[in-house]
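What follows is the content of protein-v8.tsv (TSV, C-alpha atoms and all ligand atoms).
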chain	number	residue	atom	x	y	z
A	1	MET	CA	18.18	-25.50	31.55
A	2	LEU	CA	17.80	-23.26	28.51
A	3	GLN	CA	21.54	-23.46	27.89
A	4	ALA	CA	21.45	-27.27	28.08
A	5	VAL	CA	18.50	-27.36	25.68
A	6	ARG	CA	20.28	-25.10	23.19
A	7	GLU	CA	23.45	-27.22	23.46
A	8	GLY	CA	21.32	-30.23	22.59
A	9	GLY	CA	20.53	-28.56	19.27
A	10	ALA	CA	17.07	-27.20	20.05
A	11	THR	CA	15.68	-23.88	18.91
A	12	ILE	CA	13.60	-22.12	21.53
A	13	ARG	CA	10.69	-20.01	20.33
A	14	ARG	CA	9.35	-17.92	23.18
A	15	GLY	CA	5.93	-16.28	22.96
A	16	ALA	CA	4.83	-18.59	20.14
A	17	ALA	CA	1.47	-20.38	20.12
A	18	ILE	CA	0.68	-23.55	18.20
A	19	LEU	CA	-2.66	-23.02	16.53
A	20	THR	CA	-2.95	-25.79	13.95
A	21	GLY	CA	-1.28	-29.04	13.04
A	22	GLU	CA	-1.29	-31.48	10.19
A	23	LYS	CA	0.32	-34.88	9.88
A	24	CYS	CA	2.90	-34.98	7.07
A	25	ALA	CA	5.46	-37.46	5.74
A	26	ALA	CA	8.19	-36.07	8.01
A	27	GLY	CA	5.96	-36.06	11.10
A	28	TRP	CA	3.88	-32.96	11.73
A	29	THR	CA	3.57	-29.49	10.27
A	30	LEU	CA	2.43	-27.04	12.92
A	31	GLY	CA	0.94	-23.61	12.39
A	32	VAL	CA	2.67	-21.29	14.85
A	33	ARG	CA	1.86	-17.68	15.68
A	34	SER	CA	4.66	-15.61	17.21
A	35	ASN	CA	4.57	-12.70	19.62
A	36	VAL	CA	1.72	-13.86	21.77
A	37	THR	CA	1.45	-12.44	25.29
A	38	GLU	CA	4.43	-12.51	27.61
A	39	THR	CA	2.41	-14.36	30.26
A	40	GLY	CA	1.96	-17.43	28.08
A	41	ALA	CA	0.53	-18.80	24.90
A	42	SER	CA	-3.13	-19.56	24.59
A	43	CYS	CA	-4.87	-21.73	22.08
A	44	ASP	CA	-6.88	-18.85	20.68
A	45	ALA	CA	-6.99	-19.11	16.91
A	46	SER	CA	-8.99	-15.90	16.45
A	47	THR	CA	-6.24	-14.01	14.71
A	48	ARG	CA	-6.13	-12.85	11.14
A	49	GLU	CA	-2.37	-13.36	10.96
A	50	GLU	CA	-1.37	-16.36	8.85
A	51	PRO	CA	0.48	-18.82	11.15
A	52	GLU	CA	4.06	-19.71	10.26
A	53	GLU	CA	4.78	-23.39	9.50
A	54	VAL	CA	7.15	-25.44	11.65
A	55	THR	CA	7.87	-29.08	10.81
A	56	GLY	CA	8.99	-31.74	13.27
A	57	ARG	CA	9.30	-35.50	13.48
A	58	PHE	CA	7.34	-35.73	16.75
A	59	VAL	CA	4.94	-33.45	18.58
A	60	VAL	CA	5.23	-33.39	22.36
A	61	ASN	CA	2.12	-31.82	23.77
A	62	ALA	CA	3.27	-30.33	27.07
A	63	ALA	CA	0.96	-27.32	26.92
A	64	GLY	CA	0.07	-27.34	30.63
A	65	LEU	CA	-3.24	-25.57	31.22
A	66	HIS	CA	-4.03	-25.73	27.48
A	67	ALA	CA	-2.92	-29.32	26.83
A	68	ASP	CA	-6.45	-30.66	26.29
A	69	ARG	CA	-7.25	-27.89	23.82
A	70	VAL	CA	-4.06	-28.49	21.84
A	71	GLN	CA	-4.74	-32.23	21.87
A	72	ALA	CA	-8.34	-31.78	20.71
A	73	ALA	CA	-7.51	-29.12	18.12
A	74	LEU	CA	-4.67	-31.03	16.44
A	75	LEU	CA	-5.65	-34.68	16.84
A	76	GLN	CA	-9.31	-34.21	15.99
A	77	VAL	CA	-8.58	-32.29	12.80
A	78	TRP	CA	-6.31	-35.15	11.85
A	79	ALA	CA	-8.99	-37.72	12.76
A	80	VAL	CA	-11.42	-36.13	10.31
A	81	HIS	CA	-8.68	-36.05	7.70
A	82	LEU	CA	-7.90	-39.74	8.36
A	83	SER	CA	-11.49	-40.87	8.03
A	84	CYS	CA	-11.34	-39.75	4.37
A	85	LEU	CA	-8.23	-41.87	3.86
A	86	LEU	CA	-9.37	-45.02	5.63
A	87	PRO	CA	-9.84	-47.13	2.45
A	88	ASP	CA	-6.10	-46.84	1.78
A	89	PRO	CA	-4.58	-50.07	3.24
A	90	LEU	CA	-1.02	-48.71	3.35
A	91	TYR	CA	-2.13	-45.74	5.38
A	92	LEU	CA	-4.14	-48.02	7.60
A	93	SER	CA	-1.22	-50.32	8.29
A	94	THR	CA	1.03	-47.48	9.35
A	95	THR	CA	-1.54	-45.85	11.55
A	96	THR	CA	-2.97	-48.70	13.58
A	97	GLY	CA	-1.78	-47.19	16.83
A	98	SER	CA	-2.98	-43.77	15.83
A	99	LEU	CA	-6.38	-45.09	14.94
A	100	SER	CA	-6.77	-46.70	18.31
A	101	LEU	CA	-5.75	-43.43	19.92
A	102	ILE	CA	-8.26	-41.53	17.83
A	103	THR	CA	-10.96	-44.11	18.51
A	104	ARG	CA	-10.29	-43.70	22.19
A	105	CYS	CA	-10.49	-39.93	21.78
A	106	ALA	CA	-13.72	-40.15	19.86
A	107	LYS	CA	-15.23	-42.30	22.59
A	108	GLN	CA	-14.65	-39.63	25.19
A	109	GLU	CA	-17.57	-37.44	26.04
A	110	GLY	CA	-17.66	-34.63	23.50
A	111	GLY	CA	-14.91	-36.28	21.47
A	112	GLY	CA	-12.26	-34.89	23.82
A	113	PRO	CA	-8.63	-35.90	24.07
A	114	GLY	CA	-9.07	-38.48	26.86
A	115	PHE	CA	-8.48	-35.97	29.59
A	116	GLU	CA	-9.76	-32.56	30.47
A	117	ILE	CA	-7.72	-29.89	32.17
A	118	ARG	CA	-9.43	-28.94	35.42
A	119	PRO	CA	-7.26	-26.16	36.82
A	120	ARG	CA	-6.53	-26.40	40.51
A	121	LYS	CA	-5.66	-23.09	42.05
A	122	GLY	CA	-3.07	-22.71	44.78
A	123	GLN	CA	-2.95	-19.46	46.77
A	124	TYR	CA	0.03	-18.36	48.87
A	125	VAL	CA	0.84	-15.63	51.41
A	126	VAL	CA	4.43	-14.37	51.56
A	127	TYR	CA	5.85	-12.86	54.75
A	128	SER	CA	8.97	-10.71	54.99
A	129	ALA	CA	12.28	-12.40	55.75
A	130	PRO	CA	12.96	-12.41	59.50
A	131	SER	CA	16.34	-11.09	60.59
A	132	PHE	CA	17.15	-14.39	62.34
A	133	PRO	CA	16.37	-18.04	61.47
A	134	LEU	CA	12.79	-18.22	62.70
A	135	LEU	CA	11.88	-21.15	60.44
A	136	THR	CA	14.63	-23.38	59.07
A	137	ARG	CA	12.61	-26.18	57.44
A	138	PRO	CA	9.12	-26.72	56.02
A	139	ILE	CA	6.24	-27.60	58.32
A	140	GLN	CA	4.14	-30.01	56.34
A	141	PRO	CA	0.82	-31.74	57.10
A	142	VAL	CA	0.15	-35.40	56.35
A	143	PRO	CA	-0.78	-35.50	52.63
A	144	SER	CA	-4.28	-36.60	51.64
A	145	GLN	CA	-5.39	-38.50	48.52
A	146	ARG	CA	-6.23	-35.15	46.91
A	147	THR	CA	-3.44	-32.79	47.97
A	148	LYS	CA	-0.18	-32.69	49.83
A	149	GLY	CA	-1.69	-29.91	51.94
A	150	VAL	CA	-0.71	-26.42	53.02
A	151	PHE	CA	2.93	-25.91	54.01
A	152	LEU	CA	4.72	-23.27	56.00
A	153	PHE	CA	8.19	-22.95	54.51
A	154	PRO	CA	11.16	-20.59	54.18
A	155	SER	CA	11.84	-19.47	50.57
A	156	VAL	CA	15.35	-19.39	49.10
A	157	HIS	CA	15.26	-15.63	49.64
A	158	GLY	CA	14.47	-16.03	53.35
A	159	ASN	CA	10.77	-15.13	53.16
A	160	ILE	CA	8.33	-17.25	55.14
A	161	VAL	CA	5.59	-18.57	52.91
A	162	VAL	CA	2.30	-20.32	53.61
A	163	GLY	CA	0.37	-22.26	50.94
A	164	PRO	CA	-0.74	-23.59	48.56
A	165	THR	CA	-4.48	-24.16	48.72
A	166	ALA	CA	-6.08	-26.66	46.32
A	167	GLU	CA	-9.22	-25.16	44.73
A	168	ASP	CA	-10.90	-26.47	41.60
A	169	VAL	CA	-11.55	-23.49	39.32
A	170	THR	CA	-12.51	-22.86	35.71
A	171	GLU	CA	-10.12	-20.00	34.97
A	172	ARG	CA	-7.03	-20.86	32.91
A	173	GLU	CA	-5.32	-17.55	32.40
A	174	MET	CA	-2.30	-16.51	34.42
A	175	PRO	CA	-1.66	-14.68	36.66
A	176	ALA	CA	-4.38	-16.25	38.78
A	177	SER	CA	-6.26	-14.15	41.32
A	178	THR	CA	-6.12	-14.39	45.11
A	179	ASP	CA	-9.05	-13.63	47.41
A	180	ALA	CA	-9.09	-12.05	50.85
A	181	PRO	CA	-11.03	-14.76	52.78
A	182	THR	CA	-8.62	-17.47	51.58
A	183	THR	CA	-5.46	-15.51	52.27
A	184	ALA	CA	-6.86	-14.61	55.71
A	185	ARG	CA	-7.35	-18.33	56.42
A	186	LEU	CA	-3.78	-19.02	55.30
A	187	GLN	CA	-2.49	-16.30	57.63
A	188	GLN	CA	-4.43	-17.77	60.55
A	189	LEU	CA	-2.89	-21.18	59.86
A	190	ALA	CA	0.63	-19.74	59.57
A	191	GLU	CA	0.26	-17.79	62.76
A	192	ARG	CA	-1.07	-20.82	64.62
A	193	LEU	CA	1.89	-22.94	63.46
A	194	LEU	CA	4.44	-20.23	64.16
A	195	PRO	CA	3.11	-17.99	66.94
A	196	ARG	CA	6.01	-15.50	66.78
A	197	LEU	CA	5.47	-14.92	63.07
A	198	THR	CA	3.49	-11.68	63.38
A	199	GLU	CA	5.91	-10.35	66.00
A	200	VAL	CA	8.84	-10.39	63.57
A	201	CYS	CA	7.40	-10.48	60.06
A	202	HIS	CA	4.78	-8.67	58.02
A	203	VAL	CA	2.89	-9.79	54.94
A	204	GLU	CA	4.88	-8.82	51.82
A	205	GLY	CA	2.39	-10.11	49.29
A	206	THR	CA	0.09	-12.84	48.04
A	207	TYR	CA	0.00	-14.82	44.81
A	208	ALA	CA	-1.69	-17.78	43.16
A	209	GLY	CA	-0.83	-20.40	40.58
A	210	LEU	CA	-2.92	-22.86	38.58
A	211	ARG	CA	-1.96	-26.54	38.49
A	212	PRO	CA	-2.87	-28.26	35.22
A	213	ALA	CA	-4.87	-31.02	36.94
A	214	THR	CA	-7.22	-33.37	35.09
A	215	GLN	CA	-10.05	-35.70	36.11
A	216	HIS	CA	-7.37	-38.39	36.52
A	217	ARG	CA	-5.12	-38.64	39.53
A	218	ASP	CA	-2.05	-39.63	37.50
A	219	TYR	CA	0.00	-37.68	35.03
A	220	GLN	CA	-1.18	-38.19	31.46
A	221	ILE	CA	2.00	-39.34	29.70
A	222	ALA	CA	1.61	-41.36	26.51
A	223	VAL	CA	3.73	-41.93	23.42
A	224	ASP	CA	1.87	-42.86	20.26
A	225	ALA	CA	4.78	-43.59	17.92
A	226	PRO	CA	2.80	-44.22	14.71
A	227	SER	CA	1.00	-40.90	15.19
A	228	ARG	CA	4.28	-39.23	16.11
A	229	TRP	CA	2.40	-37.75	19.03
A	230	VAL	CA	3.46	-37.56	22.65
A	231	THR	CA	1.21	-36.38	25.45
A	232	VAL	CA	2.80	-34.99	28.60
A	233	ALA	CA	-0.18	-33.49	30.38
A	234	GLY	CA	-1.91	-33.29	33.72
A	235	ILE	CA	1.41	-32.60	35.47
A	236	ARG	CA	-0.64	-31.28	38.32
A	237	SER	CA	1.92	-31.01	41.07
A	238	THR	CA	5.50	-32.03	41.75
A	239	GLY	CA	6.04	-31.34	38.06
A	240	LEU	CA	8.97	-29.10	38.78
A	241	SER	CA	10.74	-31.70	40.92
A	242	GLY	CA	9.84	-34.44	38.46
A	243	SER	CA	10.61	-32.52	35.27
A	244	GLN	CA	14.04	-34.01	34.57
A	245	GLY	CA	12.80	-37.54	35.21
A	246	ILE	CA	9.73	-36.97	33.05
A	247	GLY	CA	11.95	-35.56	30.29
A	248	ARG	CA	14.31	-38.53	30.39
A	249	TYR	CA	11.40	-40.99	30.44
A	250	VAL	CA	9.74	-39.38	27.42
A	251	ALA	CA	13.05	-39.10	25.53
A	252	SER	CA	13.79	-42.78	26.11
A	253	MET	CA	10.45	-43.71	24.57
A	254	ILE	CA	10.82	-41.45	21.53
A	255	GLU	CA	14.48	-42.11	20.75
A	256	PRO	CA	14.03	-45.60	19.22
A	257	HIS	CA	11.69	-44.02	16.66
A	258	LEU	CA	14.09	-41.26	15.60
A	259	GLN	CA	16.53	-42.36	12.92
A	260	PRO	CA	19.04	-40.81	12.92
A	261	SER	CA	18.64	-39.80	16.52
A	262	ARG	CA	19.48	-36.20	17.30
A	263	LEU	CA	18.86	-36.47	21.01
A	264	GLN	CA	21.93	-35.73	23.05
A	265	ALA	CA	22.51	-36.46	26.69
A	266	PRO	CA	22.53	-33.31	28.81
A	267	THR	CA	25.89	-31.96	29.75
A	268	ALA	CA	27.39	-33.51	32.87
A	269	SER	CA	28.11	-30.26	34.67
A	270	PRO	CA	25.07	-28.23	35.67
A	271	TYR	CA	25.08	-24.56	34.77
A	272	MET	CA	25.39	-22.37	37.81
A	273	LEU	CA	23.54	-19.11	37.59
A	274	ASP	CA	25.11	-16.06	39.15
A	275	GLU	CA	22.06	-15.41	41.31
A	276	SER	CA	23.41	-12.29	43.04
A	277	GLY	CA	24.45	-10.84	39.67
A	278	LEU	CA	20.98	-11.45	38.29
A	279	ARG	CA	19.37	-9.86	41.33
A	280	GLN	CA	21.60	-6.82	40.97
A	281	GLN	CA	20.63	-6.57	37.32
A	282	PHE	CA	16.92	-6.92	38.19
A	283	LEU	CA	17.18	-4.07	40.71
A	284	GLU	CA	19.19	-1.79	38.43
A	285	ARG	CA	17.02	-2.29	35.35
A	286	GLY	CA	13.73	-1.68	37.15
A	287	ASP	CA	11.70	-3.15	34.27
A	288	GLY	CA	11.12	-6.52	35.96
A	289	CYS	CA	13.50	-8.29	33.55
A	290	VAL	CA	16.99	-9.75	33.47
A	291	GLU	CA	19.25	-10.47	30.53
A	292	LEU	CA	20.89	-13.86	30.19
A	293	ASP	CA	23.12	-14.78	27.24
A	294	GLY	CA	21.87	-11.70	25.40
A	295	VAL	CA	18.21	-12.66	25.81
A	296	LYS	CA	15.82	-10.61	27.95
A	297	TYR	CA	13.61	-12.59	30.34
A	298	ARG	CA	10.77	-11.29	32.51
A	299	VAL	CA	11.06	-12.48	36.10
A	300	THR	CA	7.62	-13.96	36.61
A	301	HIS	CA	7.74	-15.96	39.82
A	302	PRO	CA	6.33	-13.86	42.67
A	303	LEU	CA	8.68	-15.44	45.22
A	304	THR	CA	11.68	-14.29	43.19
A	305	ARG	CA	10.21	-10.86	42.52
A	306	ILE	CA	9.32	-10.35	46.19
A	307	GLY	CA	12.60	-11.85	47.42
A	308	TRP	CA	14.74	-9.74	45.09
A	309	SER	CA	12.81	-6.53	45.71
A	310	GLN	CA	13.08	-7.04	49.44
A	311	ALA	CA	16.85	-7.41	49.05
A	312	ASN	CA	16.73	-3.99	47.46
A	313	LEU	CA	14.88	-2.49	50.42
A	314	GLN	CA	17.36	-4.03	52.83
A	315	ALA	CA	20.33	-2.85	50.78
A	316	GLN	CA	19.02	0.70	50.95
A	317	GLY	CA	18.46	0.39	54.65
A	318	ILE	CA	14.78	1.17	54.38
A	319	ALA	CA	13.43	-2.25	55.15
A	320	LYS	CA	10.75	-2.23	57.76
A	321	LYS	CA	12.55	-3.07	60.98
A	322	ALA	CA	11.54	-6.30	62.64
A	323	ARG	CA	9.90	-5.57	65.93
A	324	LEU	CA	12.37	-7.75	67.82
A	401	LIG	C1	-0.09	-24.12	43.31
A	401	LIG	C2	1.00	-24.93	42.71
A	401	LIG	C3	1.71	-25.84	43.50
A	401	LIG	C4	2.74	-26.59	42.96
A	401	LIG	N1	3.45	-27.42	43.77
A	401	LIG	C5	4.51	-28.09	43.24
A	401	LIG	C6	5.34	-28.89	44.08
A	401	LIG	O1	5.11	-29.03	45.29
A	401	LIG	N2	6.41	-29.49	43.52
A	401	LIG	C7	6.72	-29.36	42.20
A	401	LIG	O2	7.67	-29.94	41.77
A	401	LIG	N3	5.96	-28.61	41.40
A	401	LIG	C8	4.87	-27.97	41.89
A	401	LIG	N4	4.11	-27.18	41.08
A	401	LIG	C9	4.46	-27.09	39.67
A	401	LIG	C10	3.46	-27.87	38.87
A	401	LIG	O3	3.78	-29.21	38.88
A	401	LIG	C11	3.48	-27.20	37.54
A	401	LIG	O4	2.22	-26.73	37.30
A	401	LIG	C12	3.98	-28.10	36.47
A	401	LIG	O5	5.34	-27.79	36.44
A	401	LIG	C13	3.28	-27.95	35.17
A	401	LIG	O6	4.21	-28.12	34.16
A	401	LIG	P1	3.87	-28.19	32.65
A	401	LIG	O7	5.17	-28.12	31.95
A	401	LIG	O8	2.94	-29.32	32.39
A	401	LIG	O9	3.02	-26.87	32.33
A	401	LIG	P2	3.50	-25.37	32.25
A	401	LIG	O10	4.66	-25.11	33.13
A	401	LIG	O11	2.27	-24.56	32.44
A	401	LIG	O12	4.00	-25.23	30.74
A	401	LIG	C14	3.11	-25.25	29.66
A	401	LIG	C15	3.65	-24.32	28.59
A	401	LIG	O13	2.91	-24.52	27.39
A	401	LIG	C16	2.66	-23.26	26.80
A	401	LIG	N5	1.49	-23.36	25.92
A	401	LIG	C17	0.18	-23.49	26.23
A	401	LIG	N6	-0.58	-23.54	25.13
A	401	LIG	C18	0.26	-23.45	24.06
A	401	LIG	C19	0.10	-23.44	22.65
A	401	LIG	N7	-1.10	-23.54	22.06
A	401	LIG	N8	1.20	-23.31	21.89
A	401	LIG	C20	2.44	-23.20	22.44
A	401	LIG	N9	2.65	-23.21	23.77
A	401	LIG	C21	1.58	-23.33	24.56
A	401	LIG	C22	2.45	-22.32	27.99
A	401	LIG	O14	2.65	-20.99	27.62
A	401	LIG	C23	3.50	-22.84	28.96
A	401	LIG	O15	4.73	-22.21	28.73
A	401	LIG	C24	3.06	-26.44	41.58
A	401	LIG	C25	2.34	-25.53	40.79
A	401	LIG	C26	1.31	-24.80	41.34
A	401	LIG	C27	0.54	-23.84	40.45

Using structure tokens, write down the structure that the file contains.
Amino acid sequence: MLQAVREGGATIRRGAAILTGEKCAAGWTLGVRSNVTETGASCDASTREEPEEVTGRFVVNAAGLHADRVQAALLQVWAVHLSCLLPDPLYLSTTTGSLSLITRCAKQEGGGPGFEIRPRKGQYVVYSAPSFPLLTRPIQPVPSQRTKGVFLFPSVHGNIVVGPTAEDVTEREMPASTDAPTTARLQQLAERLLPRLTEVCHVEGTYAGLRPATQHRDYQIAVDAPSRWVTVAGIRSTGLSGSQGIGRYVASMIEPHLQPSRLQAPTASPYMLDESGLRQQFLERGDGCVELDGVKYRVTHPLTRIGWSQANLQAQGIAKKARL
């Protein structure tokens, strides 16, 4: 995906946080601070460093767990700025849509952005990969209005995984914590669904993620062309599966407003990663990273880290033997 994005003419700035934003003739000027933590940017402006300016024709706020803060920080500053300019009829005529957006924002409790991120934690338990196909497809409950429920599924690395839970929490920082009573409940469920599980597998690890849910059930996707502002927030679940569709949908709504358009269709042939080469690299380096096209990336997903590390144990012949 990164390769496709670069081919499309984009510059990727990793570890950079948007702290401020101001509407300008070209679109927006954003204040960006580089070298924030490897685990993700936060909206914390409490730094003495002067942010670097980045200008763009549109802002797409896809800041996940921090999307409401980014929205409030940038749009509200602009709203105050606008209120000083309101007597100017030209400005008014070009910002009708923006004003309605801001009015809507101002009407929200606390002057918020129209949605509030309410993180929903999902905990998982990961079992070792059995030496034979114990589970070949996901076991899935009937979804409810609130959640699609807890699955038992085989990972791409052969591990058997149970999760995720759906817990409303206030924490926003990753990595999220797991707790023993919840993981014990997940294990009980897994072992009830697959009675032979404990005979042939052991628990390799646990992990948790935070879905960027909001008070609304639906995704919060909105294009406000006069404001040059796009919201892509509240992508609470199925965001990974839906990401390409969401991207195409948003691009189709922005493109008519970009003259000349610089958006390019993604390349027809998907890039195939050399997964075994990457795993080998991960094991040899030992620093939890891999290098791709000369850029070092930390492998953050626990399923990949556990799956690849387990491959290492098996390769060295020191994997715990299945009791079968
Ligand atoms: C428990 C769990 C279950 C899930 N189940 C599914 C599933 O079944 N199917 C599926 O398809 N997907 C699933 N997902 C994925 C889910 O949909 C993702 O959370 C979703 O992909 C969120 O995408 P996002 O791009 O909105 O946010 P993120 O992926 O969180 O991306 C937001 C980015 O914005 C950055 N950012 C934040 N603040 C700033 C700032 N001020 N400046 C610059 N950058 C900033 C962050 O660092 C981050 O990189 C699940 C996730 C979890 C946690």

Neighbouring residues of region 19-28 of chain A were defined as those with any atom within 6 Å, considering all atoms listed in the file; residues of the same chain fewer than 2 positions away were excluded. Please report them as an mmCIF file with C-alpha atoms, in the coordinates of the input.
data_model
loop_
_atom_site.group_PDB
_atom_site.id
_atom_site.type_symbol
_atom_site.label_atom_id
_atom_site.label_comp_id
_atom_site.auth_asym_id
_atom_site.auth_seq_id
_atom_site.Cartn_x
_atom_site.Cartn_y
_atom_site.Cartn_z
ATOM 1 C CA LEU A 30 2.430 -27.040 12.920
ATOM 2 C CA GLY A 31 0.940 -23.610 12.390
ATOM 3 C CA VAL A 32 2.670 -21.290 14.850
ATOM 4 C CA ALA A 45 -6.990 -19.110 16.910
ATOM 5 C CA THR A 55 7.870 -29.080 10.810
ATOM 6 C CA GLY A 56 8.990 -31.740 13.270
ATOM 7 C CA ARG A 57 9.300 -35.500 13.480
ATOM 8 C CA PHE A 58 7.340 -35.730 16.750
ATOM 9 C CA LEU A 74 -4.670 -31.030 16.440
#

Exercise. Taking all atoms listed in the file into account, which residues are within 7 Å of ligand LIG 401 (chain A), as a PyMOL selection string?
Worked result: chain A and resi 16-19+40-43+62-67+70+121-123+164-165+208-212+232-242

For this session: Report the distance between CA of Leu75 (chain A) and CA of Pro51 (chain A) in Å, rounded to one decimal place.
Result: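 Separation between CA of Leu75 (chain A) and CA of Pro51 (chain A): 17.9 Å.
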
Exercise. Which of these residues is nearest to Val250 (chain A), using only C-alpha atoms: A:Val299, A:Leu186, A:Val162, A:Val60?
Worked result: A:Val60

Problem set entry | Given all atoms listed in the file as the counted atoms, nearest of A:Met253, A:Leu2, A:Ala166, A:Ile221 to Lys148 (chain A) |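 Of A:Met253, A:Leu2, A:Ala166, A:Ile221, the one nearest Lys148 (chain A) is A:Ala166, counting all atoms listed in the file.
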
Exercise. Region 153-161 of chain A: which residues within 6 Å, counting only C-alpha atoms, same-chain residues fewer than 5 positions away excluded, as a PyMOL selection string?
Worked result: chain A and resi 125-129+138+307

Exercise. Restricting the calculation to only C-alpha atoms, which member of A:Gln310, A:Thr183, A:Gln145, A:Thr136 is positioned closest to Phe282 (chain A)?
Worked result: A:Gln310

For this session: Would you mind reading off the distance between CA of Lys296 (chain A) and CA of Val54 (chain A), one decimal, in Å?
Result: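 Computing it gives 23.7 Å between the two atoms.
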
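Distance-wise, CA of Phe151 (chain A) and CA of Leu189 (chain A) end up 9.5 Å apart.
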
Exercise. Of the residues A:Thr206, A:Met1, A:Ala73, A:Pro260, which is the one nearest to Ala176 (chain A), using only C-alpha atoms?
Worked result: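 Of A:Thr206, A:Met1, A:Ala73, A:Pro260, the one nearest Ala176 (chain A) is A:Thr206, counting only C-alpha atoms.
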
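Shortest separation to Glu171 (chain A) among A:Arg192, A:His216, A:Arg120, A:Arg185 occurs at residue A:Arg120, atoms counted being only C-alpha atoms.
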
Around all the atoms of region 288-302 of chain A listed in the file, draw an axis-aligned box and extend it by 3 Å on each of the six sides; I want its centre and edge lengths in Å to one decimal, as JSON.
{"center_x": 14.7, "center_y": -11.2, "center_z": 34.0, "size_x": 22.8, "size_y": 15.4, "size_z": 23.3}

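For Glu275 (chain A), the list of residues within 12 Å, based on only C-alpha atoms and with local chain neighbours fewer than 2 positions off taken out, reads A:Val156, A:His157, A:Tyr271, A:Met272, A:Leu273, A:Gly277, A:Leu278, A:Arg279, A:Gln280, A:Gln281, A:Phe282, A:Val290, A:Leu292, A:Thr304, A:Gly307, A:Trp308.
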
For this session: Please provide as a PyMOL selection string all residues within 10 Å of Leu197 (chain A), with the sequence filter that same-chain residues fewer than 2 positions apart are discarded (counting only C-alpha atoms).
Result: chain A and resi 127-128+130+134-135+160+187+190-195+199-203

C-alpha atoms of the current selection, written as a CSV table (one decimal), keeping the file's coordinate frame:
chain,number,residue,atom,x,y,z
A,127,TYR,CA,5.8,-12.9,54.8
A,128,SER,CA,9.0,-10.7,55.0
A,130,PRO,CA,13.0,-12.4,59.5
A,134,LEU,CA,12.8,-18.2,62.7
A,135,LEU,CA,11.9,-21.2,60.4
A,160,ILE,CA,8.3,-17.2,55.1
A,187,GLN,CA,-2.5,-16.3,57.6
A,190,ALA,CA,0.6,-19.7,59.6
A,191,GLU,CA,0.3,-17.8,62.8
A,192,ARG,CA,-1.1,-20.8,64.6
A,193,LEU,CA,1.9,-22.9,63.5
A,194,LEU,CA,4.4,-20.2,64.2
A,195,PRO,CA,3.1,-18.0,66.9
A,199,GLU,CA,5.9,-10.4,66.0
A,200,VAL,CA,8.8,-10.4,63.6
A,201,CYS,CA,7.4,-10.5,60.1
A,202,HIS,CA,4.8,-8.7,58.0
A,203,VAL,CA,2.9,-9.8,54.9

For this session: Would you mind listing what lies within 8 Å of Gln215 (chain A) as a ChimeraX atom specification, with only C-alpha atoms counted and same-chain residues fewer than 3 positions away left out?
Result: /A:115-118

Missing atoms in region 7-18 of chain A: can you complete it with N, CA and C atoms, as an mmCIF file, keeping the file's coordinate frame?
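Result file follows (selection.cif):
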data_model
loop_
_atom_site.group_PDB
_atom_site.id
_atom_site.type_symbol
_atom_site.label_atom_id
_atom_site.label_comp_id
_atom_site.auth_asym_id
_atom_site.auth_seq_id
_atom_site.Cartn_x
_atom_site.Cartn_y
_atom_site.Cartn_z
ATOM 1 N N GLU A 7 22.292 -26.369 23.767
ATOM 2 C CA GLU A 7 23.450 -27.220 23.460
ATOM 3 C C GLU A 7 23.031 -28.513 22.794
ATOM 4 N N GLY A 8 21.847 -28.998 23.169
ATOM 5 C CA GLY A 8 21.320 -30.230 22.590
ATOM 6 C C GLY A 8 20.814 -30.036 21.176
ATOM 7 N N GLY A 9 20.890 -28.826 20.666
ATOM 8 C CA GLY A 9 20.530 -28.560 19.270
ATOM 9 C C GLY A 9 19.125 -28.032 19.085
ATOM 10 N N ALA A 10 18.452 -27.669 20.185
ATOM 11 C CA ALA A 10 17.070 -27.200 20.050
ATOM 12 C C ALA A 10 17.011 -25.701 19.759
ATOM 13 N N THR A 11 15.972 -25.305 19.091
ATOM 14 C CA THR A 11 15.680 -23.880 18.910
ATOM 15 C C THR A 11 14.525 -23.552 19.839
ATOM 16 N N ILE A 12 14.662 -22.482 20.590
ATOM 17 C CA ILE A 12 13.600 -22.120 21.530
ATOM 18 C C ILE A 12 12.825 -20.938 20.950
ATOM 19 N N ARG A 13 11.534 -21.110 20.835
ATOM 20 C CA ARG A 13 10.690 -20.010 20.330
ATOM 21 C C ARG A 13 9.808 -19.552 21.481
ATOM 22 N N ARG A 14 10.166 -18.421 22.075
ATOM 23 C CA ARG A 14 9.350 -17.920 23.180
ATOM 24 C C ARG A 14 8.182 -17.128 22.619
ATOM 25 N N GLY A 15 7.076 -17.082 23.378
ATOM 26 C CA GLY A 15 5.930 -16.280 22.960
ATOM 27 C C GLY A 15 5.333 -16.753 21.656
ATOM 28 N N ALA A 16 5.389 -18.050 21.392
ATOM 29 C CA ALA A 16 4.830 -18.590 20.140
ATOM 30 C C ALA A 16 3.741 -19.600 20.485
ATOM 31 N N ALA A 17 2.591 -19.476 19.837
ATOM 32 C CA ALA A 17 1.470 -20.380 20.120
ATOM 33 C C ALA A 17 1.232 -21.310 18.940
ATOM 34 N N ILE A 18 1.045 -22.595 19.247
ATOM 35 C CA ILE A 18 0.680 -23.550 18.200
ATOM 36 C C ILE A 18 -0.829 -23.476 18.011
#
